[in-house]
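Single-structure report; data block below.
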Amino acid sequence: MLKIENLNVWFGSGRDRVNAVQNANFAVKSGASFGLVGESGSGKSTILRAIMGLTKNWSGKVYVDGTQTSIKKHNSFYKTVQMVFQDPYASLHPRHSVDQVLGETLYLHGFQDIDARVVHLLDDVGLEAKFRFRYPHQLSGGQRQRVAIARALAPEPKVLLLDEPTSALDVSVQAEILNLLSDLRSRNSLTYIMVSHDLAVVSHMCESLAVMKDSEIVEIMDVSTLRNSKACHPYSQQLLLASI
Amino acid sequence: MTKTPVETLRWRAWLLTDTPASRHHAKLSAFYKGWLSFRGNTMAMVGLWILICLILAALFAPLLSPHDPFAQNLGNRLQPLGSSNHVLGTDSLGRDILSRLIYGSRITLYIVGLVALIAPITGLLVGTVAGYVGGWTDQILMRITDIFLAFPRLVLALAFVAALGAGIENAVLAISLTAWPPYARIARAETLTIRSSDYISAIQLQGAGALRIITKHIWPLCISSLIVRVTLDMAGIILAAAGLGFLGLGAQPPSPEWGAMISEGRRFILDHWWVAAVPGMAIFTVSLAFNLLGDGLRDVLDPKDSEK
């Protein structure tokens, strides 16, 4: 479904050039859930931003559904791949109500029955209809993240990139959002790529994962390998030890 | 009383609900909450009332003014304050100062209204485009802004009026031309912080174009700080217009522009101080009212504060 070959991402140029991601390769099957773990600054989120085109300085090949995507994105790409941001307090426009956020997204993707779809989306992410005309500051963190997920689901994408979707939320709300994401995946047969620094979250959500360190992917393994503590790379073992 | 207290209460509850039932309802509710917090600010309300009085005076000038503002009567010139028939006295040509003040409010509102339309909109356009597009566009637009900022405002306005010819329209144009650069600066600074935020990234991921992002996502966040800045600048605009009038480059006699009235009264300022002082007081009051209103609006509109 989504395949990445020789992805390099950098910031700055000349002597200030920082290589954020070097030579990343991985492939995610349709309907699978793939985790990216690593410490902060290891380039996990940068991979997602490069795939989405939010970071322009990258080289390599990104295949979605077998077709290679260019740096300049088309609407068809955004209809297939969507992203949920880390901080729900920053990812919703402070002056737009939930209805405006979802309505505009639907409008941009050329849907006609916007009213019905907004109601349906809210229902999908477990928000009552009374939240429809509220503004972000009238919502809690978990509710905001549900709205952000609804926005990502609006174009009916096949792939959802999740950039630490629960790290800004407290523990009880984290579980709710993770369960919601699992439900949505099985219901809509979505493909997930999930970035996290929390091994427990990744082992709960994903079938396979890549471990990143210093802008490189050091190991790709199945979650069963992780559960049996059979990681090969010393850094993965260290990460595993730290999370127990 | 047409409404019973119960009915009023129901309306309040409907407006203050945190679960609005429609788009319209949500907007009204947000507006009403803003109004409530604005109403709590006494000084801002004083400013608002002064401005409402000014607008009413301008609207009903022919009904309110006791005399014709242009009727001269040389036998009756330079009457003091409180003289019978002329509450605020008469000027050097025997014209009733109160009537001239009331008619002058029309000119003041005209100037303020036009400048308040032209300058912030120009500044908003230039600033947000420069901030969002960046690169060469940013460089060129901001250097032009710098050129305008490098001159003292009144001097630049003087140069423009001198080039365009004296008159109220040209004065408005000149003041607007000198007033927009600070707005462009504010709008650009705000755009730079907004541009890199996640909610702009999020809408980019929905395939929104630059025009939509600037007008629908960046403008609503810039406008509140611009409105505040405009109301705070109103005093300066009135003073600039009065300054041009005073120098004889704004409104032309016999038009009762307040600055021009001070200019005429200057010759008698030692013996007949009220001829200059009364329009001066009017300028002061209206400037103060705009400043108070601006302070109140900042409390209501500034998104950083209303988040709390």
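Starting from 1 in every chain, residues are counted up; chains themselves are A, B, ... following the order of the structure tokens, and ligands are numbered from 1 as listed.
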Notebook entry, point to check: Which neighbours of Lys130 (chain A) fall inside 8 Å, counting only C-alpha atoms, when residues of the same chain fewer than 6 positions from it are skipped, and could you give them as a PyMOL selection string?
Noted result: chain B and resi 19-21
Take the selection from the previous step and output its residues with C-alpha atoms, as a PDB file, in the first residue's frame.
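Now in result-v3.pdb:
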ATOM      1  CA  THR B  19     -24.175  23.497  22.923  1.00  0.00           C
ATOM      2  CA  PRO B  20     -25.390  25.662  20.053  1.00  0.00           C
ATOM      3  CA  ALA B  21     -27.810  24.005  17.675  1.00  0.00           C
TER       4      ALA B  21
END
Produce a table with one row for each residue of chain B that has an atom at most 7 Å from any atom of chain A, each row naming the nearest atom pair and its distance in Å at one decimal; use only C-alpha atoms; arrange rows by chain and rising residue number; format as JSON lines.
{"residue": "B:Thr19", "atom": "CA", "partner": "A:Lys130", "partner_atom": "CA", "distance": 5.5}
{"residue": "B:Pro20", "atom": "CA", "partner": "A:Phe133", "partner_atom": "CA", "distance": 5.9}
{"residue": "B:Ala21", "atom": "CA", "partner": "A:Phe133", "partner_atom": "CA", "distance": 6.8}
{"residue": "B:Ser22", "atom": "CA", "partner": "A:Phe133", "partner_atom": "CA", "distance": 6.4}
{"residue": "B:Arg23", "atom": "CA", "partner": "A:Phe133", "partner_atom": "CA", "distance": 6.2}
{"residue": "B:Ala26", "atom": "CA", "partner": "A:Phe133", "partner_atom": "CA", "distance": 6.0}
{"residue": "B:Ser197", "atom": "CA", "partner": "A:Ala90", "partner_atom": "CA", "distance": 6.8}
{"residue": "B:Asp198", "atom": "CA", "partner": "A:Ser91", "partner_atom": "CA", "distance": 4.5}
{"residue": "B:Tyr199", "atom": "CA", "partner": "A:Ser91", "partner_atom": "CA", "distance": 4.2}
{"residue": "B:Ala202", "atom": "CA", "partner": "A:Ser91", "partner_atom": "CA", "distance": 6.8}
{"residue": "B:Leu205", "atom": "CA", "partner": "A:Tyr78", "partner_atom": "CA", "distance": 6.2}
{"residue": "B:Gln206", "atom": "CA", "partner": "A:Tyr78", "partner_atom": "CA", "distance": 6.1}
{"residue": "B:Gly207", "atom": "CA", "partner": "A:Asn75", "partner_atom": "CA", "distance": 5.7}
{"residue": "B:Ala208", "atom": "CA", "partner": "A:Leu108", "partner_atom": "CA", "distance": 6.8}
{"residue": "B:Glu307", "atom": "CA", "partner": "A:His137", "partner_atom": "CA", "distance": 6.7}
Item checked: Those of region 55-274 of chain B in DSSP strand (DSSP E or B), formatted as a VMD selection string -> chain B and resid 83 86 90 96
Item checked: 9 Å contact set for Gly250 (chain B), only C-alpha atoms, chain neighbours under 5 positions out, as a list of chain:residue names ->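 Contacts, in chain order: B:Val161, B:Ala166, B:Gly167, B:Ile168, B:Glu169, B:Asn170, B:Ala171, B:Val172, B:Ala241, B:Ala242, B:Gly243, B:Leu244, B:Gly245, B:Glu257, B:Gly259, B:Ala260.
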Quick one: write out the picked residues with C-alpha atoms as a compact mmCIF listing (two decimals), in the first residue's frame?
# COMPACT_ATOMS: atom_id res chain seq x y z
CA VAL B 161 -1.21 66.55 -0.34
CA ALA B 166 -5.35 70.45 -1.11
CA GLY B 167 -8.77 69.09 -0.22
CA ILE B 168 -10.47 66.62 2.05
CA GLU B 169 -10.34 63.61 -0.35
CA ASN B 170 -6.66 64.09 -0.99
CA ALA B 171 -6.04 64.45 2.73
CA VAL B 172 -7.78 61.11 3.31
CA ALA B 241 -6.39 65.21 9.53
CA ALA B 242 -6.64 68.11 11.98
CA GLY B 243 -2.94 68.82 11.43
CA LEU B 244 -3.43 68.98 7.68
CA GLY B 245 -6.49 71.17 8.21
CA GLU B 257 -13.37 70.85 9.86
CA GLY B 259 -8.43 71.25 12.63
CA ALA B 260 -9.21 74.12 10.31
Next item on the list: Write out as a PyMOL selection string which residues come within 9 Å of region 158-167 of chain A when counting only C-alpha atoms, dropping same-chain ones fewer than 6 positions away.
Entry: chain A and resi 1-2+30-31+44-45+48+52+64+79-88+142+145+152+173-175+177-178+188-198
Go ahead and save the residues from that selection, with C-alpha atoms, as a short mmCIF file (atom, residue, chain, number, x, y, z; two decimals), in the first residue's frame.
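Result file follows (part.cif):
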data_model
loop_
_atom_site.label_atom_id
_atom_site.label_comp_id
_atom_site.auth_asym_id
_atom_site.auth_seq_id
_atom_site.Cartn_x
_atom_site.Cartn_y
_atom_site.Cartn_z
CA MET A 1 0.00 0.00 0.00
CA LEU A 2 2.74 2.39 0.95
CA SER A 30 -2.71 -2.76 2.76
CA GLY A 31 -4.69 -2.93 5.98
CA LYS A 44 10.19 9.66 13.02
CA SER A 45 7.81 12.56 12.51
CA LEU A 48 5.60 11.40 7.96
CA MET A 52 2.74 14.28 3.18
CA VAL A 64 1.27 4.89 -2.67
CA LYS A 79 -7.78 11.70 -0.82
CA THR A 80 -5.74 8.53 -0.28
CA VAL A 81 -3.35 9.56 2.49
CA GLN A 82 -4.22 11.70 5.49
CA MET A 83 -2.43 12.64 8.67
CA VAL A 84 -3.36 13.18 12.33
CA PHE A 85 -1.12 15.59 14.17
CA GLN A 86 0.47 15.20 17.53
CA ASP A 87 -0.98 18.11 19.45
CA PRO A 88 -4.75 18.52 19.20
CA GLY A 142 -9.51 14.08 23.84
CA GLN A 145 -8.19 14.83 18.94
CA ALA A 152 -8.43 13.11 8.61
CA VAL A 173 -7.91 9.55 27.34
CA GLN A 174 -4.99 7.92 25.52
CA ALA A 175 -6.61 4.52 25.87
CA ILE A 177 -8.27 7.36 21.47
CA LEU A 178 -6.20 4.23 20.81
CA ASN A 188 -12.85 1.11 7.37
CA SER A 189 -9.96 -1.28 6.57
CA LEU A 190 -7.40 1.50 6.91
CA THR A 191 -3.63 1.27 6.75
CA TYR A 192 -1.83 2.98 9.63
CA ILE A 193 1.66 4.30 10.04
CA MET A 194 2.03 5.31 13.63
CA VAL A 195 4.85 7.29 15.12
CA SER A 196 5.41 6.92 18.83
CA HIS A 197 8.11 6.88 21.44
CA ASP A 198 5.99 4.57 23.55
#
Next item on the list: Write out as a PyMOL selection string which residues come within 12 Å of Gly38 (chain A) when counting only C-alpha atoms, dropping same-chain ones fewer than 4 positions away.
Entry: chain A and resi 42-45+164+194-199+202+209-220+235-240+242-243
Would you list, as a PDB file with C-alpha atoms, in the first residue's frame, the residues of region 119-290 of chain B that end up in helix (DSSP H, G or I) under DSSP run on this structure's backbone?
ATOM      1  CA  ALA B 119      -5.259  51.636   5.400  1.00  0.00           C
ATOM      2  CA  PRO B 120      -5.864  48.388   7.347  1.00  0.00           C
ATOM      3  CA  ILE B 121      -7.151  46.522   4.294  1.00  0.00           C
ATOM      4  CA  THR B 122      -4.091  47.528   2.272  1.00  0.00           C
ATOM      5  CA  GLY B 123      -1.849  46.624   5.194  1.00  0.00           C
ATOM      6  CA  LEU B 124      -3.600  43.299   5.736  1.00  0.00           C
ATOM      7  CA  LEU B 125      -3.264  42.353   2.060  1.00  0.00           C
ATOM      8  CA  VAL B 126       0.388  43.307   1.806  1.00  0.00           C
ATOM      9  CA  GLY B 127       1.344  41.820   5.167  1.00  0.00           C
ATOM     10  CA  THR B 128      -0.393  38.465   4.869  1.00  0.00           C
ATOM     11  CA  VAL B 129       0.721  37.892   1.285  1.00  0.00           C
ATOM     12  CA  ALA B 130       4.314  38.792   2.189  1.00  0.00           C
ATOM     13  CA  GLY B 131       4.232  36.607   5.284  1.00  0.00           C
ATOM     14  CA  TYR B 132       2.589  33.585   3.692  1.00  0.00           C
ATOM     15  CA  VAL B 133       4.315  33.532   0.309  1.00  0.00           C
ATOM     16  CA  GLY B 135      10.885  34.625  -0.474  1.00  0.00           C
ATOM     17  CA  TRP B 136      11.246  37.419  -3.008  1.00  0.00           C
ATOM     18  CA  THR B 137       7.634  38.566  -2.701  1.00  0.00           C
ATOM     19  CA  ASP B 138       8.224  39.095   0.997  1.00  0.00           C
ATOM     20  CA  GLN B 139      11.472  40.975   0.401  1.00  0.00           C
ATOM     21  CA  ILE B 140       9.985  43.343  -2.181  1.00  0.00           C
ATOM     22  CA  LEU B 141       6.753  44.070  -0.281  1.00  0.00           C
ATOM     23  CA  MET B 142       8.522  44.614   3.013  1.00  0.00           C
ATOM     24  CA  ARG B 143      11.178  46.929   1.550  1.00  0.00           C
ATOM     25  CA  ILE B 144       8.385  49.059   0.061  1.00  0.00           C
ATOM     26  CA  THR B 145       6.815  49.107   3.522  1.00  0.00           C
ATOM     27  CA  ASP B 146      10.147  50.162   5.002  1.00  0.00           C
ATOM     28  CA  ILE B 147      10.384  53.067   2.565  1.00  0.00           C
ATOM     29  CA  PHE B 148       6.995  54.344   3.710  1.00  0.00           C
ATOM     30  CA  LEU B 149       7.913  53.815   7.350  1.00  0.00           C
ATOM     31  CA  ARG B 153       3.892  60.444   8.922  1.00  0.00           C
ATOM     32  CA  LEU B 154       2.747  64.039   8.768  1.00  0.00           C
ATOM     33  CA  VAL B 155       5.676  65.073   6.564  1.00  0.00           C
ATOM     34  CA  LEU B 156       4.900  62.315   4.073  1.00  0.00           C
ATOM     35  CA  ALA B 157       1.205  63.220   4.157  1.00  0.00           C
ATOM     36  CA  LEU B 158       2.155  66.847   3.556  1.00  0.00           C
ATOM     37  CA  ALA B 159       4.214  65.853   0.540  1.00  0.00           C
ATOM     38  CA  PHE B 160       1.349  63.798  -0.877  1.00  0.00           C
ATOM     39  CA  VAL B 161      -1.210  66.554  -0.343  1.00  0.00           C
ATOM     40  CA  ALA B 162       1.142  69.082  -1.863  1.00  0.00           C
ATOM     41  CA  ALA B 163       1.511  66.820  -4.898  1.00  0.00           C
ATOM     42  CA  LEU B 164      -2.178  65.896  -5.183  1.00  0.00           C
ATOM     43  CA  ILE B 168     -10.471  66.617   2.046  1.00  0.00           C
ATOM     44  CA  GLU B 169     -10.344  63.615  -0.345  1.00  0.00           C
ATOM     45  CA  ASN B 170      -6.657  64.086  -0.991  1.00  0.00           C
ATOM     46  CA  ALA B 171      -6.037  64.455   2.725  1.00  0.00           C
ATOM     47  CA  VAL B 172      -7.777  61.115   3.309  1.00  0.00           C
ATOM     48  CA  LEU B 173      -5.732  59.517   0.556  1.00  0.00           C
ATOM     49  CA  ALA B 174      -2.491  60.945   1.905  1.00  0.00           C
ATOM     50  CA  ILE B 175      -3.210  59.823   5.456  1.00  0.00           C
ATOM     51  CA  SER B 176      -4.151  56.340   4.265  1.00  0.00           C
ATOM     52  CA  LEU B 177      -0.977  56.098   2.219  1.00  0.00           C
ATOM     53  CA  THR B 178       1.080  56.911   5.275  1.00  0.00           C
ATOM     54  CA  ALA B 179      -0.973  54.799   7.694  1.00  0.00           C
ATOM     55  CA  TRP B 180      -0.865  51.338   6.083  1.00  0.00           C
ATOM     56  CA  PRO B 181       2.771  50.238   6.697  1.00  0.00           C
ATOM     57  CA  PRO B 182       2.391  49.529  10.434  1.00  0.00           C
ATOM     58  CA  TYR B 183      -0.634  47.324   9.665  1.00  0.00           C
ATOM     59  CA  ALA B 184       1.372  45.440   7.055  1.00  0.00           C
ATOM     60  CA  ARG B 185       4.074  44.852   9.636  1.00  0.00           C
ATOM     61  CA  ILE B 186       1.651  43.525  12.245  1.00  0.00           C
ATOM     62  CA  ALA B 187      -0.145  41.339   9.715  1.00  0.00           C
ATOM     63  CA  ARG B 188       3.144  39.904   8.450  1.00  0.00           C
ATOM     64  CA  ALA B 189       4.415  39.140  11.943  1.00  0.00           C
ATOM     65  CA  GLU B 190       1.168  37.375  12.823  1.00  0.00           C
ATOM     66  CA  THR B 191       1.147  35.490   9.538  1.00  0.00           C
ATOM     67  CA  LEU B 192       4.652  34.187  10.159  1.00  0.00           C
ATOM     68  CA  THR B 193       3.624  32.614  13.453  1.00  0.00           C
ATOM     69  CA  ILE B 194       0.306  31.312  12.073  1.00  0.00           C
ATOM     70  CA  ARG B 195       1.843  29.932   8.871  1.00  0.00           C
ATOM     71  CA  ASP B 198      -0.356  22.626  12.628  1.00  0.00           C
ATOM     72  CA  TYR B 199      -3.815  23.836  11.663  1.00  0.00           C
ATOM     73  CA  ILE B 200      -2.401  25.492   8.554  1.00  0.00           C
ATOM     74  CA  SER B 201      -0.484  22.287   7.733  1.00  0.00           C
ATOM     75  CA  ALA B 202      -3.721  20.383   8.279  1.00  0.00           C
ATOM     76  CA  ILE B 203      -5.675  22.470   5.787  1.00  0.00           C
ATOM     77  CA  GLN B 204      -2.795  22.286   3.294  1.00  0.00           C
ATOM     78  CA  ALA B 210      -2.828  29.814  -0.933  1.00  0.00           C
ATOM     79  CA  LEU B 211      -5.751  32.182  -1.587  1.00  0.00           C
ATOM     80  CA  ARG B 212      -8.143  30.123   0.560  1.00  0.00           C
ATOM     81  CA  ILE B 213      -5.604  29.743   3.359  1.00  0.00           C
ATOM     82  CA  ILE B 214      -4.815  33.461   3.434  1.00  0.00           C
ATOM     83  CA  THR B 215      -8.395  34.708   3.309  1.00  0.00           C
ATOM     84  CA  LYS B 216     -10.166  32.052   5.360  1.00  0.00           C
ATOM     85  CA  HIS B 217      -7.551  30.898   7.822  1.00  0.00           C
ATOM     86  CA  ILE B 218      -5.010  33.664   8.314  1.00  0.00           C
ATOM     87  CA  TRP B 219      -7.203  36.762   7.988  1.00  0.00           C
ATOM     88  CA  PRO B 220      -9.641  35.847  10.765  1.00  0.00           C
ATOM     89  CA  LEU B 221      -6.715  35.570  13.166  1.00  0.00           C
ATOM     90  CA  CYS B 222      -5.046  38.805  12.045  1.00  0.00           C
ATOM     91  CA  ILE B 223      -8.184  40.916  11.882  1.00  0.00           C
ATOM     92  CA  SER B 224      -8.816  41.132  15.619  1.00  0.00           C
ATOM     93  CA  SER B 225      -5.402  42.589  16.387  1.00  0.00           C
ATOM     94  CA  LEU B 226      -5.760  44.926  13.395  1.00  0.00           C
ATOM     95  CA  ILE B 227      -9.164  46.185  14.594  1.00  0.00           C
ATOM     96  CA  VAL B 228      -7.639  46.962  17.961  1.00  0.00           C
ATOM     97  CA  ARG B 229      -4.719  48.720  16.329  1.00  0.00           C
ATOM     98  CA  VAL B 230      -7.077  50.712  14.069  1.00  0.00           C
ATOM     99  CA  THR B 231      -9.159  52.000  16.959  1.00  0.00           C
ATOM    100  CA  LEU B 232      -5.991  52.944  18.813  1.00  0.00           C
ATOM    101  CA  ASP B 233      -4.725  54.693  15.660  1.00  0.00           C
ATOM    102  CA  MET B 234      -7.984  56.567  15.099  1.00  0.00           C
ATOM    103  CA  ALA B 235      -6.833  59.279  17.464  1.00  0.00           C
ATOM    104  CA  GLY B 236      -3.667  59.676  15.397  1.00  0.00           C
ATOM    105  CA  ILE B 237      -5.690  59.769  12.186  1.00  0.00           C
ATOM    106  CA  ILE B 238      -7.994  62.478  13.538  1.00  0.00           C
ATOM    107  CA  LEU B 239      -4.979  64.445  14.682  1.00  0.00           C
ATOM    108  CA  ALA B 240      -3.239  64.020  11.312  1.00  0.00           C
ATOM    109  CA  ALA B 241      -6.388  65.209   9.534  1.00  0.00           C
ATOM    110  CA  ALA B 242      -6.637  68.114  11.980  1.00  0.00           C
ATOM    111  CA  GLY B 243      -2.939  68.822  11.433  1.00  0.00           C
ATOM    112  CA  LEU B 244      -3.429  68.977   7.681  1.00  0.00           C
ATOM    113  CA  GLY B 245      -6.494  71.174   8.207  1.00  0.00           C
ATOM    114  CA  PHE B 246      -4.509  73.379  10.535  1.00  0.00           C
ATOM    115  CA  TRP B 258     -12.126  70.804  13.459  1.00  0.00           C
ATOM    116  CA  GLY B 259      -8.434  71.250  12.627  1.00  0.00           C
ATOM    117  CA  ALA B 260      -9.207  74.120  10.307  1.00  0.00           C
ATOM    118  CA  MET B 261     -11.312  75.701  13.072  1.00  0.00           C
ATOM    119  CA  ILE B 262      -8.334  75.606  15.446  1.00  0.00           C
ATOM    120  CA  SER B 263      -6.204  77.105  12.723  1.00  0.00           C
ATOM    121  CA  GLU B 264      -8.629  80.010  12.343  1.00  0.00           C
ATOM    122  CA  GLY B 265      -8.827  80.503  16.101  1.00  0.00           C
ATOM    123  CA  ARG B 266      -5.061  80.631  16.458  1.00  0.00           C
ATOM    124  CA  ARG B 267      -4.978  84.333  15.649  1.00  0.00           C
ATOM    125  CA  PHE B 268      -7.156  85.179  18.653  1.00  0.00           C
ATOM    126  CA  TRP B 274     -12.395  79.355  23.247  1.00  0.00           C
ATOM    127  CA  VAL B 275     -12.400  79.785  19.472  1.00  0.00           C
ATOM    128  CA  ALA B 276      -9.458  77.377  19.274  1.00  0.00           C
ATOM    129  CA  ALA B 277     -10.018  75.482  22.541  1.00  0.00           C
ATOM    130  CA  VAL B 278     -13.548  74.240  21.825  1.00  0.00           C
ATOM    131  CA  PRO B 279     -12.716  72.348  18.606  1.00  0.00           C
ATOM    132  CA  GLY B 280      -9.526  71.229  20.364  1.00  0.00           C
ATOM    133  CA  MET B 281     -11.635  69.738  23.142  1.00  0.00           C
ATOM    134  CA  ALA B 282     -13.788  67.992  20.537  1.00  0.00           C
ATOM    135  CA  ILE B 283     -10.726  66.423  18.894  1.00  0.00           C
ATOM    136  CA  PHE B 284      -9.414  65.401  22.314  1.00  0.00           C
ATOM    137  CA  THR B 285     -12.715  63.819  23.366  1.00  0.00           C
ATOM    138  CA  VAL B 286     -13.171  61.812  20.204  1.00  0.00           C
ATOM    139  CA  SER B 287      -9.526  60.664  20.193  1.00  0.00           C
ATOM    140  CA  LEU B 288      -9.862  59.577  23.806  1.00  0.00           C
ATOM    141  CA  ALA B 289     -13.101  57.751  23.026  1.00  0.00           C
ATOM    142  CA  PHE B 290     -11.420  55.783  20.232  1.00  0.00           C
TER     143      PHE B 290
END
Item checked: Top pick for closest residue to Leu36 (chain A), considering A:Ser203, A:Ser182, A:Asn19, A:Gln112 and counting only C-alpha atoms ->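 Using only C-alpha atoms, Leu36 (chain A) sits closest to A:Ser203.
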Item checked: All residues 9 Å or closer to Ser224 (chain A), only C-alpha atoms, same chain fewer than 4 positions away omitted, as a list in words ->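 After dropping sequence-adjacent residues, the list is Ser203, Glu207, Ser208, Asn228, Ser229 and Lys230 of chain A.
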Next item on the list: Give me, please, the distance in Å between CA of Leu7 (chain A) and CA of Asn23 (chain A), quoted to one decimal.
Entry: 5.0 Å
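Going from CA of His86 (chain B) over to CA of Ile50 (chain B), you cover 22.7 Å.
Taking only C-alpha atoms, the non-local environment of Trp58 (chain A) within 12 Å (same-chain residues fewer than 6 positions away omitted) comprises A:Ile4, A:Glu5, A:Asn6, A:Leu7, A:Asn8, A:Val9, A:Trp10, A:Phe11, A:Gly12, A:Val18, A:Asn19, A:Ala20, A:Val21, A:Gln22, A:Asn23, A:Ala24, A:Thr46, A:Ile47, A:Leu48, A:Arg49, A:Ala50, A:Ile51, A:Met52, A:Ser70, A:Ile71, A:Lys72.
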Check: Of the candidates B:Leu15, B:Ala30, B:Leu249, B:Leu48, which one gets nearest to Asn291 (chain B) if we count only C-alpha atoms?
Finding: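 Looking only at the distances to Asn291 (chain B), the closest residue turns out to be B:Leu48.
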Next item on the list: Please indicate the distance in Å from CA of Met205 (chain A) to CA of Thr67 (chain A), rounded to one decimal place.
Entry: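 CA of Thr67 (chain A) lies at a distance of 26.7 Å from CA of Met205 (chain A).
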